[in-house]
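Undergrad: Input: one structure, supplied below.
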Number of protein chains: 2
Amino acid sequence: MKVTVLSGGVGGARFTRGLLALLAERLPDGAGGTSAQVTVIANTGDDMWLHGVRVCPDLDTLMYTLGGAVHEEQGWGRRDESGRVSADLAAYGLGWEWFTLGDLDLATHLARTELLRDGLPLSAVTQRLAQRWRPGVRLLPMSDQEVETHVELEDGRLIHFEEWWVRHRAGVPARAFVQVGLEHAEPAPGVLDALRQADVVVVPPSNPVVSVGTILAVPGVRDALRDTAAPVVGVSPVVGGAPVRGMADACLAAIGVRTDAAAVARHYGRRAEAGVLDAWLVDTADEGAVPGLRAEGWTAAAAPTLMTDVPATSAIAAEALRLVDRLP
Amino acid sequence: MKVTVLSGGVGGARFTRGLLALLAERLPDGAGGTSAQVTVIANTGDDMWLHGVRVCPDLDTLMYTLGGAVHEEQGWGRRDESGRVSADLAAYGLGWEWFTLGDLDLATHLARTELLRDGLPLSAVTQRLAQRWRPGVRLLPMSDQEVETHVELEDGRLIHFEEWWVRHRAGVPARAFVQVGLEHAEPAPGVLDALRQADVVVVPPSNPVVSVGTILAVPGVRDALRDTAAPVVGVSPVVGGAPVRGMADACLAAIGVRTDAAAVARHYGRRAEAGVLDAWLVDTADEGAVPGLRAEGWTAAAAPTLMTDVPATSAIAAEALRLVDRLP
């Protein structure tokens, strides 16, 4: 069984961890893992060059979470992290002190940067770094080209997404999101095949605008999703009119989409109507949206979607796969 | 009074610290420093790209030593250093684990790399970093271009100097030293003027082959030294037939120069005979070499040259300047 996941950072990583636990139970490989082949296509729009090193927040969150090294409460970064380097770096007064550059995390950035400078594409670098973490999935960046999400502010100024997200806590109104470099980007090797050859494609509760939206913006990805024989099921990142985590509401507002489980589904669109999804799982808090979605032709259901721990997350993945079985 | 120093790492940095203490005493500026203008031209041949960041060992040793932050016993690197990042980086198994990449030191490399990637030349970057350390000298890299010393081994293989020096402890026989990039290098802004406009030029007890030798190899430096009206005085890095510190003997052997205070003087050569020095200070242990050097036309003397502490080093600097006064 081949499962392909389109993932941002924390939400996608946690969902995938639950999915892997579910698959390990249903399709065990005899060694504690699963015989199912899970491919994760990660958003790299949040990546940036910082102090000369390449930072890939979502790839790292996926590696650490699936590799058992993540800072659990925080959801990203390494457990037992420290900030010795960044504290000293701040004394040079170059700015960007608001971006946490942990010591252990920095080791990953340095390893990645060395391999990139050696000429390896990001997909090969990611494979090399993942040898250490053994995430149990094939981890692919959406593209080997640098695509960086920038935020267009009300005054027309463009700032890097991380500056808007981390420094300004998404508190400065955004007019649009621009993927710088997108015109030269193509899907990384394996991305299109992972969509075409999948038995099921899952869109976890990641940010629909700047995480999944950025992956979908890579030329060829949306078409591959539309054309694949695999069913595509999504899990709503919005519960009861608010994002479960993060500030996706500010992203949705910028593109004129209401922070509402049904509105997000409609934003993705049904494949039957040139969209990218077949089925949509909402939280029980949004059960009221299900009849309307069904009336529009969606295969939809409600279930608890809070990823409080791995078993709870496995149950969400199970609900998403159950929804696939209900497809007409 | 303008003093210009041609410096490698530890030896040059310690000597310069003693020189500054001497000048602060003789020519005080009323604020604990000196009114003399000291310019240090630093070897950058040991520089390298490591894990994507630019490491400049000699510039850093100078900054930390003159800025009061050096690891005193070690002679290089930061006091209270730790190795959290490099320990974690080693888990990726990319190699170069033999090169110490301290956490605090890494902050300097990251700051430097960011500024270089922003397009600043190394001389401007160095000035910016030195704002933090206030070394009390004008610190100049020998060149803004990348010149990296490589070691040609007996089998013809070229390895970076740091690999030979740190990893192999200079224990693998070297056939020659090659400055990669030298043909495109020119002296950094200020270097030639610092030599031409100096009242005195000092060559501290740095490695004559790979530190001072590399600075001298930058096109234009040797000519400027030969032509300057300033006297040029050197302090022997060899005491009693052995280098005071480091493995300069292995470097001297590679270029066919005996590890001997007089042989090093002759290797530099007298300015009157197309060399670069006027005067040469040897250690009292090598007092026997003085008459011979004098017979050859050198202004030479012997004095204790072990830089055991700052006062002892000041006394060495005083002896070097006294030698200048004895020039014909």
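Ligands are numbered from 1 in the order shown, residues from 1 within each chain, and chains are lettered A, B, ... in the order they appear in the structure tokens.
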Could you produce a table of the residues of chain B lying within 8 Å of chain A, with the nearest pair of atoms per residue and their separation in Å rounded to one decimal, using only C-alpha atoms, ordered by chain and increasing residue number, as a tab-separated table?
TA:
```
residue	atom	partner	partner_atom	distance
B:Leu50	CA	A:Glu114	CA	7.2
B:His51	CA	A:Glu114	CA	4.2
B:Gly52	CA	A:Glu114	CA	4.8
B:Val53	CA	A:Gly52	CA	6.7
B:Arg84	CA	A:Asp103	CA	6.6
B:Val85	CA	A:Ala107	CA	5.3
B:Ser86	CA	A:Ala107	CA	6.8
B:Asp88	CA	A:Ala107	CA	6.0
B:Leu89	CA	A:Ala107	CA	4.7
B:Ala91	CA	A:Arg132	CA	7.2
B:Tyr92	CA	A:Arg132	CA	6.2
B:Leu94	CA	A:Ala111	CA	7.3
B:Asp103	CA	A:Val85	CA	5.3
B:Leu104	CA	A:Val85	CA	5.6
B:Leu106	CA	A:Val85	CA	6.7
B:Ala107	CA	A:Leu89	CA	4.7
B:Thr108	CA	A:Leu89	CA	6.8
B:Leu110	CA	A:His51	CA	5.2
B:Ala111	CA	A:His51	CA	6.0
B:Thr113	CA	A:Gly52	CA	5.3
B:Glu114	CA	A:His51	CA	4.2
B:Leu115	CA	A:His51	CA	7.8
B:Arg117	CA	A:Gly52	CA	6.5
B:Leu129	CA	A:Tyr92	CA	6.7
B:Arg132	CA	A:Tyr92	CA	6.2
```
Undergrad: Near Glu287 (chain A), counting only C-alpha atoms, which residues have an atom at most 8 Å away, once you skip same-chain residues fewer than 3 positions from it, shown as a PyMOL selection string?
TA: chain A and resi 282-284+290+301-302
Undergrad: Could you write out the selected residues, including C-alpha atoms, as a PDB file, in the first residue's frame?
TA:
```pdb
ATOM      1  CA  VAL A 282     -13.961  17.866   9.866  1.00  0.00           C
ATOM      2  CA  ASP A 283     -13.948  17.960  13.631  1.00  0.00           C
ATOM      3  CA  THR A 284     -17.037  16.972  15.567  1.00  0.00           C
ATOM      4  CA  VAL A 290     -21.212  18.028   6.915  1.00  0.00           C
ATOM      5  CA  ALA A 301     -17.652  13.220   7.850  1.00  0.00           C
ATOM      6  CA  ALA A 302     -17.022  14.546  11.329  1.00  0.00           C
TER       7      ALA A 302
END
```
Undergrad: Output chain B as an mmCIF file with C-alpha atoms, in the first residue's frame, after least-squares fitting it to chain A on all in-order C-alpha pairs.
TA:
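Contents of result10.cif, as written:
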```cif
data_model
loop_
_atom_site.group_PDB
_atom_site.id
_atom_site.type_symbol
_atom_site.label_atom_id
_atom_site.label_comp_id
_atom_site.auth_asym_id
_atom_site.auth_seq_id
_atom_site.Cartn_x
_atom_site.Cartn_y
_atom_site.Cartn_z
ATOM 1 C CA MET B 1 -0.016 -0.009 0.009
ATOM 2 C CA LYS B 2 1.349 3.359 -0.980
ATOM 3 C CA VAL B 3 0.300 6.469 0.911
ATOM 4 C CA THR B 4 1.411 9.956 -0.043
ATOM 5 C CA VAL B 5 1.096 12.893 2.351
ATOM 6 C CA LEU B 6 1.347 16.608 1.499
ATOM 7 C CA SER B 7 2.754 18.190 4.615
ATOM 8 C CA GLY B 8 3.652 21.445 6.269
ATOM 9 C CA GLY B 9 5.451 21.442 9.613
ATOM 10 C CA VAL B 10 3.991 20.624 13.010
ATOM 11 C CA GLY B 11 0.443 19.608 11.992
ATOM 12 C CA GLY B 12 1.575 17.488 9.075
ATOM 13 C CA ALA B 13 4.386 15.889 11.036
ATOM 14 C CA ARG B 14 2.158 14.945 13.954
ATOM 15 C CA PHE B 15 -0.518 13.616 11.616
ATOM 16 C CA THR B 16 2.035 11.522 9.745
ATOM 17 C CA ARG B 17 3.328 10.085 13.011
ATOM 18 C CA GLY B 18 -0.215 8.973 13.854
ATOM 19 C CA LEU B 19 -0.704 7.589 10.354
ATOM 20 C CA LEU B 20 2.499 5.555 10.663
ATOM 21 C CA ALA B 21 1.342 4.146 14.006
ATOM 22 C CA LEU B 22 -1.967 3.149 12.406
ATOM 23 C CA LEU B 23 -0.274 1.513 9.432
ATOM 24 C CA ALA B 24 2.208 -0.294 11.700
ATOM 25 C CA GLU B 25 -0.813 -1.844 13.391
ATOM 26 C CA ARG B 26 -2.728 -2.691 10.223
ATOM 27 C CA LEU B 27 0.148 -3.543 7.914
ATOM 28 C CA PRO B 28 3.066 -4.489 10.187
ATOM 29 C CA ASP B 29 6.476 -5.187 8.717
ATOM 30 C CA GLY B 30 7.478 -7.474 11.585
ATOM 31 C CA ALA B 31 10.068 -4.992 12.836
ATOM 32 C CA GLY B 32 7.798 -2.530 14.586
ATOM 33 C CA GLY B 33 7.113 -0.523 11.455
ATOM 34 C CA THR B 34 4.764 -0.866 8.537
ATOM 35 C CA SER B 35 5.066 -2.549 5.170
ATOM 36 C CA ALA B 36 3.078 0.317 3.683
ATOM 37 C CA GLN B 37 5.214 2.805 1.794
ATOM 38 C CA VAL B 38 4.579 6.300 3.010
ATOM 39 C CA THR B 39 5.943 9.261 1.065
ATOM 40 C CA VAL B 40 5.790 12.728 2.564
ATOM 41 C CA ILE B 41 6.033 15.694 0.206
ATOM 42 C CA ALA B 42 7.096 18.606 2.383
ATOM 43 C CA ASN B 43 6.556 22.299 1.927
ATOM 44 C CA THR B 44 9.852 24.105 1.484
ATOM 45 C CA GLY B 45 8.354 27.570 1.028
ATOM 46 C CA ASP B 46 9.343 28.497 4.590
ATOM 47 C CA ASP B 47 12.992 27.748 3.878
ATOM 48 C CA MET B 48 15.543 30.490 4.079
ATOM 49 C CA TRP B 49 19.195 31.368 4.159
ATOM 50 C CA LEU B 50 19.981 32.632 7.634
ATOM 51 C CA HIS B 51 23.518 33.635 8.623
ATOM 52 C CA GLY B 52 24.709 31.751 5.577
ATOM 53 C CA VAL B 53 23.081 28.422 6.414
ATOM 54 C CA ARG B 54 20.026 26.860 4.835
ATOM 55 C CA VAL B 55 17.114 26.456 7.199
ATOM 56 C CA CYS B 56 14.243 24.156 6.160
ATOM 57 C CA PRO B 57 11.709 24.386 8.997
ATOM 58 C CA ASP B 58 9.142 21.889 7.718
ATOM 59 C CA LEU B 59 11.618 19.242 6.614
ATOM 60 C CA ASP B 60 13.321 19.486 9.992
ATOM 61 C CA THR B 61 10.055 19.271 11.919
ATOM 62 C CA LEU B 62 9.170 16.157 9.933
ATOM 63 C CA MET B 63 12.590 14.572 10.479
ATOM 64 C CA TYR B 64 12.648 15.299 14.190
ATOM 65 C CA THR B 65 9.016 14.325 14.822
ATOM 66 C CA LEU B 66 9.146 11.077 12.867
ATOM 67 C CA GLY B 67 12.676 10.365 14.121
ATOM 68 C CA GLY B 68 11.680 10.718 17.774
ATOM 69 C CA ALA B 69 13.859 13.739 18.486
ATOM 70 C CA VAL B 70 11.314 16.555 18.402
ATOM 71 C CA HIS B 71 10.693 18.935 21.284
ATOM 72 C CA GLU B 72 7.295 17.465 22.027
ATOM 73 C CA GLU B 73 5.578 20.389 23.767
ATOM 74 C CA GLN B 74 6.862 22.907 21.258
ATOM 75 C CA GLY B 75 6.099 20.737 18.247
ATOM 76 C CA TRP B 76 9.236 21.754 16.361
ATOM 77 C CA GLY B 77 12.953 21.829 17.037
ATOM 78 C CA ARG B 78 15.007 19.373 19.058
ATOM 79 C CA ARG B 79 14.413 18.026 22.514
ATOM 80 C CA ASP B 80 17.006 19.298 25.066
ATOM 81 C CA GLU B 81 17.786 22.205 22.805
ATOM 82 C CA SER B 82 20.041 25.068 23.861
ATOM 83 C CA GLY B 83 20.803 28.483 22.417
ATOM 84 C CA ARG B 84 24.462 29.074 23.118
ATOM 85 C CA VAL B 85 25.427 29.964 19.567
ATOM 86 C CA SER B 86 22.506 32.285 18.929
ATOM 87 C CA ALA B 87 23.025 34.110 22.229
ATOM 88 C CA ASP B 88 26.596 34.817 21.248
ATOM 89 C CA LEU B 89 25.628 35.623 17.674
ATOM 90 C CA ALA B 90 23.240 38.276 18.993
ATOM 91 C CA ALA B 91 26.250 40.149 20.383
ATOM 92 C CA TYR B 92 27.258 40.929 16.793
ATOM 93 C CA GLY B 93 23.947 42.751 16.378
ATOM 94 C CA LEU B 94 23.181 41.580 12.867
ATOM 95 C CA GLY B 95 19.443 41.214 13.441
ATOM 96 C CA TRP B 96 17.175 38.168 13.049
ATOM 97 C CA GLU B 97 17.517 37.545 16.804
ATOM 98 C CA TRP B 98 13.796 36.765 16.814
ATOM 99 C CA PHE B 99 14.422 33.574 14.883
ATOM 100 C CA THR B 100 15.349 30.730 17.214
ATOM 101 C CA LEU B 101 18.471 29.034 15.986
ATOM 102 C CA GLY B 102 19.007 26.221 18.466
ATOM 103 C CA ASP B 103 22.424 24.655 18.860
ATOM 104 C CA LEU B 104 21.295 21.142 17.952
ATOM 105 C CA ASP B 105 19.107 22.435 15.141
ATOM 106 C CA LEU B 106 22.080 24.367 13.863
ATOM 107 C CA ALA B 107 23.982 21.118 13.440
ATOM 108 C CA THR B 108 21.302 20.062 10.950
ATOM 109 C CA HIS B 109 21.506 23.396 9.133
ATOM 110 C CA LEU B 110 25.284 23.127 8.905
ATOM 111 C CA ALA B 111 25.176 19.552 7.629
ATOM 112 C CA ARG B 112 22.533 20.510 5.064
ATOM 113 C CA THR B 113 24.443 23.592 3.978
ATOM 114 C CA GLU B 114 27.647 21.649 3.507
ATOM 115 C CA LEU B 115 25.913 19.068 1.323
ATOM 116 C CA LEU B 116 24.111 21.761 -0.691
ATOM 117 C CA ARG B 117 27.392 23.646 -1.205
ATOM 118 C CA ASP B 118 28.886 20.352 -2.360
ATOM 119 C CA GLY B 119 26.327 20.465 -5.161
ATOM 120 C CA LEU B 120 23.744 17.945 -3.983
ATOM 121 C CA PRO B 121 20.119 18.848 -4.689
ATOM 122 C CA LEU B 122 17.893 19.336 -1.640
ATOM 123 C CA SER B 123 16.124 16.013 -2.254
ATOM 124 C CA ALA B 124 19.418 14.106 -2.067
ATOM 125 C CA VAL B 125 20.522 16.175 0.934
ATOM 126 C CA THR B 126 17.249 15.386 2.696
ATOM 127 C CA GLN B 127 17.706 11.683 2.034
ATOM 128 C CA ARG B 128 21.236 11.879 3.459
ATOM 129 C CA LEU B 129 20.140 13.728 6.605
ATOM 130 C CA ALA B 130 17.210 11.360 7.082
ATOM 131 C CA GLN B 131 19.647 8.433 7.295
ATOM 132 C CA ARG B 132 20.362 9.672 10.773
ATOM 133 C CA TRP B 133 16.747 10.095 11.858
ATOM 134 C CA ARG B 134 15.135 7.106 10.139
ATOM 135 C CA PRO B 135 11.728 8.777 9.900
ATOM 136 C CA GLY B 136 10.073 5.631 8.503
ATOM 137 C CA VAL B 137 8.833 7.521 5.440
ATOM 138 C CA ARG B 138 10.355 8.648 2.191
ATOM 139 C CA LEU B 139 10.800 12.354 2.833
ATOM 140 C CA LEU B 140 10.759 14.557 -0.262
ATOM 141 C CA PRO B 141 11.018 18.321 -0.522
ATOM 142 C CA MET B 142 8.323 19.636 -2.861
ATOM 143 C CA SER B 143 11.068 21.001 -5.107
ATOM 144 C CA ASP B 144 14.837 21.041 -5.406
ATOM 145 C CA GLN B 145 14.684 24.664 -6.465
ATOM 146 C CA GLU B 146 14.543 27.441 -3.888
ATOM 147 C CA VAL B 147 10.977 28.659 -3.558
ATOM 148 C CA GLU B 148 10.519 31.084 -0.678
ATOM 149 C CA THR B 149 7.161 32.366 0.460
ATOM 150 C CA HIS B 150 7.149 36.111 0.963
ATOM 151 C CA VAL B 151 4.333 38.134 2.452
ATOM 152 C CA GLU B 152 3.105 41.243 0.739
ATOM 153 C CA LEU B 153 2.192 43.751 3.432
ATOM 154 C CA GLU B 154 -0.458 46.470 3.133
ATOM 155 C CA ASP B 155 2.235 48.993 2.146
ATOM 156 C CA GLY B 156 3.384 46.738 -0.682
ATOM 157 C CA ARG B 157 6.588 45.687 1.082
ATOM 158 C CA LEU B 158 7.580 42.020 0.725
ATOM 159 C CA ILE B 159 9.041 40.241 3.755
ATOM 160 C CA HIS B 160 10.054 36.614 4.165
ATOM 161 C CA PHE B 161 7.241 34.468 5.493
ATOM 162 C CA GLU B 162 9.259 33.532 8.568
ATOM 163 C CA GLU B 163 9.718 37.182 9.429
ATOM 164 C CA TRP B 164 5.974 37.738 9.225
ATOM 165 C CA TRP B 165 5.126 34.503 11.015
ATOM 166 C CA VAL B 166 7.739 34.373 13.763
ATOM 167 C CA ARG B 167 8.763 37.969 14.252
ATOM 168 C CA HIS B 168 5.381 39.613 13.749
ATOM 169 C CA ARG B 169 3.364 36.600 14.904
ATOM 170 C CA ALA B 170 1.258 37.070 11.744
ATOM 171 C CA GLY B 171 -0.023 40.236 13.399
ATOM 172 C CA VAL B 172 0.731 42.593 10.523
ATOM 173 C CA PRO B 173 -2.058 42.451 7.937
ATOM 174 C CA ALA B 174 -0.992 40.596 4.800
ATOM 175 C CA ARG B 175 -2.314 41.396 1.343
ATOM 176 C CA ALA B 176 -0.979 38.336 -0.432
ATOM 177 C CA PHE B 177 1.582 35.525 -0.362
ATOM 178 C CA VAL B 178 4.137 35.406 -3.113
ATOM 179 C CA GLN B 179 6.234 32.338 -3.833
ATOM 180 C CA VAL B 180 9.547 33.815 -4.914
ATOM 181 C CA GLY B 181 11.319 31.472 -7.312
ATOM 182 C CA LEU B 182 8.219 29.519 -8.252
ATOM 183 C CA GLU B 183 8.592 30.224 -11.967
ATOM 184 C CA HIS B 184 11.864 28.289 -12.027
ATOM 185 C CA ALA B 185 10.677 25.491 -9.774
ATOM 186 C CA GLU B 186 9.715 21.981 -10.682
ATOM 187 C CA PRO B 187 8.658 19.124 -8.450
ATOM 188 C CA ALA B 188 11.588 17.288 -6.853
ATOM 189 C CA PRO B 189 12.391 13.850 -8.278
ATOM 190 C CA GLY B 190 9.792 11.382 -7.039
ATOM 191 C CA VAL B 191 7.103 13.930 -6.189
ATOM 192 C CA LEU B 192 4.881 13.463 -9.229
ATOM 193 C CA ASP B 193 5.318 9.676 -9.208
ATOM 194 C CA ALA B 194 4.414 9.586 -5.519
ATOM 195 C CA LEU B 195 1.139 11.278 -6.381
ATOM 196 C CA ARG B 196 0.449 9.246 -9.538
ATOM 197 C CA GLN B 197 1.323 5.851 -8.055
ATOM 198 C CA ALA B 198 -0.271 6.312 -4.647
ATOM 199 C CA ASP B 199 -3.116 4.180 -3.395
ATOM 200 C CA VAL B 200 -4.290 7.113 -1.333
ATOM 201 C CA VAL B 201 -3.195 10.722 -0.963
ATOM 202 C CA VAL B 202 -3.711 12.499 2.353
ATOM 203 C CA VAL B 203 -3.731 16.225 3.042
ATOM 204 C CA PRO B 204 -3.181 16.498 6.798
ATOM 205 C CA PRO B 205 -4.359 19.434 8.919
ATOM 206 C CA SER B 206 -1.539 21.674 7.695
ATOM 207 C CA ASN B 207 -1.851 25.342 6.839
ATOM 208 C CA PRO B 208 -3.919 25.326 3.610
ATOM 209 C CA VAL B 209 -2.445 28.598 2.371
ATOM 210 C CA VAL B 210 1.278 28.692 3.048
ATOM 211 C CA SER B 211 2.008 24.970 3.576
ATOM 212 C CA VAL B 212 -0.234 22.821 1.384
ATOM 213 C CA GLY B 213 -1.011 25.822 -0.848
ATOM 214 C CA THR B 214 2.665 26.289 -1.596
ATOM 215 C CA ILE B 215 3.151 22.623 -2.489
ATOM 216 C CA LEU B 216 0.110 22.841 -4.792
ATOM 217 C CA ALA B 217 1.615 25.915 -6.453
ATOM 218 C CA VAL B 218 4.672 24.006 -7.691
ATOM 219 C CA PRO B 219 4.079 23.571 -11.423
ATOM 220 C CA GLY B 220 2.752 20.073 -12.139
ATOM 221 C CA VAL B 221 1.667 19.155 -8.597
ATOM 222 C CA ARG B 222 -1.929 20.298 -8.916
ATOM 223 C CA ASP B 223 -2.297 18.494 -12.259
ATOM 224 C CA ALA B 224 -0.809 15.301 -10.841
ATOM 225 C CA LEU B 225 -3.243 15.452 -7.929
ATOM 226 C CA ARG B 226 -6.148 16.008 -10.283
ATOM 227 C CA ASP B 227 -5.114 13.142 -12.544
ATOM 228 C CA THR B 228 -4.054 10.472 -10.059
ATOM 229 C CA ALA B 229 -6.207 7.363 -9.748
ATOM 230 C CA ALA B 230 -5.734 7.573 -5.976
ATOM 231 C CA PRO B 231 -8.445 9.102 -3.826
ATOM 232 C CA VAL B 232 -7.398 12.320 -2.081
ATOM 233 C CA VAL B 233 -8.648 12.959 1.438
ATOM 234 C CA GLY B 234 -8.090 16.024 3.562
ATOM 235 C CA VAL B 235 -8.384 16.734 7.282
ATOM 236 C CA SER B 236 -9.546 20.203 8.288
ATOM 237 C CA PRO B 237 -6.964 22.368 10.063
ATOM 238 C CA VAL B 238 -9.819 24.587 11.245
ATOM 239 C CA VAL B 239 -11.902 23.531 14.227
ATOM 240 C CA GLY B 240 -14.860 25.556 15.421
ATOM 241 C CA GLY B 241 -13.900 28.552 13.333
ATOM 242 C CA ALA B 242 -10.300 28.787 14.500
ATOM 243 C CA PRO B 243 -7.066 27.126 13.474
ATOM 244 C CA VAL B 244 -6.144 24.239 15.781
ATOM 245 C CA ARG B 245 -2.612 25.539 15.927
ATOM 246 C CA GLY B 246 -0.654 28.379 14.455
ATOM 247 C CA MET B 247 -2.110 31.403 12.786
ATOM 248 C CA ALA B 248 -3.683 29.963 9.660
ATOM 249 C CA ASP B 249 -6.608 32.349 10.129
ATOM 250 C CA ALA B 250 -4.355 35.287 9.271
ATOM 251 C CA CYS B 251 -3.239 33.455 6.130
ATOM 252 C CA LEU B 252 -6.800 32.562 5.133
ATOM 253 C CA ALA B 253 -7.932 36.169 5.705
ATOM 254 C CA ALA B 254 -5.195 37.407 3.390
ATOM 255 C CA ILE B 255 -6.538 35.321 0.521
ATOM 256 C CA GLY B 256 -10.192 36.037 1.330
ATOM 257 C CA VAL B 257 -11.167 32.629 2.706
ATOM 258 C CA ARG B 258 -13.180 32.387 5.898
ATOM 259 C CA THR B 259 -11.654 30.485 8.824
ATOM 260 C CA ASP B 260 -14.257 27.792 8.623
ATOM 261 C CA ALA B 261 -13.886 24.064 8.004
ATOM 262 C CA ALA B 262 -16.289 24.077 5.046
ATOM 263 C CA ALA B 263 -14.748 27.215 3.523
ATOM 264 C CA VAL B 264 -11.311 25.586 3.588
ATOM 265 C CA ALA B 265 -12.733 22.485 1.843
ATOM 266 C CA ARG B 266 -14.265 24.700 -0.850
ATOM 267 C CA HIS B 267 -10.971 26.549 -1.159
ATOM 268 C CA TYR B 268 -9.199 23.263 -1.930
ATOM 269 C CA GLY B 269 -12.115 22.271 -4.169
ATOM 270 C CA ARG B 270 -13.448 18.890 -5.252
ATOM 271 C CA ARG B 271 -11.498 16.995 -7.882
ATOM 272 C CA ALA B 272 -14.754 16.510 -9.778
ATOM 273 C CA GLU B 273 -14.800 20.287 -10.126
ATOM 274 C CA ALA B 274 -11.144 20.972 -10.937
ATOM 275 C CA GLY B 275 -10.119 21.009 -7.248
ATOM 276 C CA VAL B 276 -7.725 18.678 -5.464
ATOM 277 C CA LEU B 277 -9.780 16.727 -2.900
ATOM 278 C CA ASP B 278 -12.367 13.935 -2.926
ATOM 279 C CA ALA B 279 -13.128 13.739 0.769
ATOM 280 C CA TRP B 280 -12.982 16.034 3.785
ATOM 281 C CA LEU B 281 -12.844 15.182 7.445
ATOM 282 C CA VAL B 282 -13.955 17.874 9.871
ATOM 283 C CA ASP B 283 -13.919 17.975 13.630
ATOM 284 C CA THR B 284 -17.021 16.988 15.567
ATOM 285 C CA ALA B 285 -17.281 20.664 16.504
ATOM 286 C CA ASP B 286 -18.007 21.331 12.832
ATOM 287 C CA GLU B 287 -20.445 18.450 12.361
ATOM 288 C CA GLY B 288 -23.011 21.005 11.239
ATOM 289 C CA ALA B 289 -21.008 21.658 8.069
ATOM 290 C CA VAL B 290 -21.194 18.035 6.910
ATOM 291 C CA PRO B 291 -24.735 17.978 5.419
ATOM 292 C CA GLY B 292 -24.030 21.103 3.358
ATOM 293 C CA LEU B 293 -20.764 19.685 2.040
ATOM 294 C CA ARG B 294 -22.460 16.390 1.209
ATOM 295 C CA ALA B 295 -25.193 18.259 -0.628
ATOM 296 C CA GLU B 296 -22.456 19.818 -2.746
ATOM 297 C CA GLY B 297 -21.153 16.358 -3.637
ATOM 298 C CA TRP B 298 -18.405 16.013 -1.022
ATOM 299 C CA THR B 299 -17.692 12.798 0.792
ATOM 300 C CA ALA B 300 -17.481 14.299 4.250
ATOM 301 C CA ALA B 301 -17.653 13.227 7.867
ATOM 302 C CA ALA B 302 -17.006 14.556 11.344
ATOM 303 C CA ALA B 303 -14.744 13.012 13.997
ATOM 304 C CA PRO B 304 -12.541 14.231 16.838
ATOM 305 C CA THR B 305 -9.511 15.756 15.099
ATOM 306 C CA LEU B 306 -7.414 17.079 17.968
ATOM 307 C CA MET B 307 -3.996 15.408 17.763
ATOM 308 C CA THR B 308 -3.543 15.235 21.526
ATOM 309 C CA ASP B 309 -1.289 12.180 21.405
ATOM 310 C CA VAL B 310 -0.216 9.455 18.999
ATOM 311 C CA PRO B 311 -3.200 7.114 19.619
ATOM 312 C CA ALA B 312 -5.656 10.006 19.148
ATOM 313 C CA THR B 313 -3.838 10.965 15.960
ATOM 314 C CA SER B 314 -3.925 7.373 14.698
ATOM 315 C CA ALA B 315 -7.670 7.434 15.203
ATOM 316 C CA ILE B 316 -7.913 10.585 13.065
ATOM 317 C CA ALA B 317 -5.869 8.919 10.331
ATOM 318 C CA ALA B 318 -8.195 5.901 10.585
ATOM 319 C CA GLU B 319 -11.220 8.184 10.146
ATOM 320 C CA ALA B 320 -9.617 9.776 7.088
ATOM 321 C CA LEU B 321 -8.945 6.363 5.522
ATOM 322 C CA ARG B 322 -12.464 5.213 6.405
ATOM 323 C CA LEU B 323 -13.783 8.223 4.507
ATOM 324 C CA VAL B 324 -11.853 7.053 1.458
ATOM 325 C CA ASP B 325 -13.673 3.712 1.625
ATOM 326 C CA ARG B 326 -16.953 5.591 1.497
ATOM 327 C CA LEU B 327 -16.109 7.333 -1.749
ATOM 328 C CA PRO B 328 -18.616 6.678 -4.480
#
```
Undergrad: Can you check which residues of region 171-328 of chain B DSSP gives as alpha helix (DSSP H) on the backbone and send them as a ChimeraX atom specification?
TA: /B:191-196,212-217,221-227,248-254,261-268,290-295,310-325
Undergrad: Identify all residues of region 174-245 of chain A in strand (DSSP E) (DSSP on the backbone) and supply them as a list in words.
TA: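 Output for region 174-245 of chain A, strand (DSSP E) only: Ala174, Arg175, Ala176, Phe177, Val178, Gln179, Val180, Val200, Val201, Val202, Val203, Val232, Val233, Gly234, Val235, Val238, Val239, Ala242 and Pro243 of chain A.
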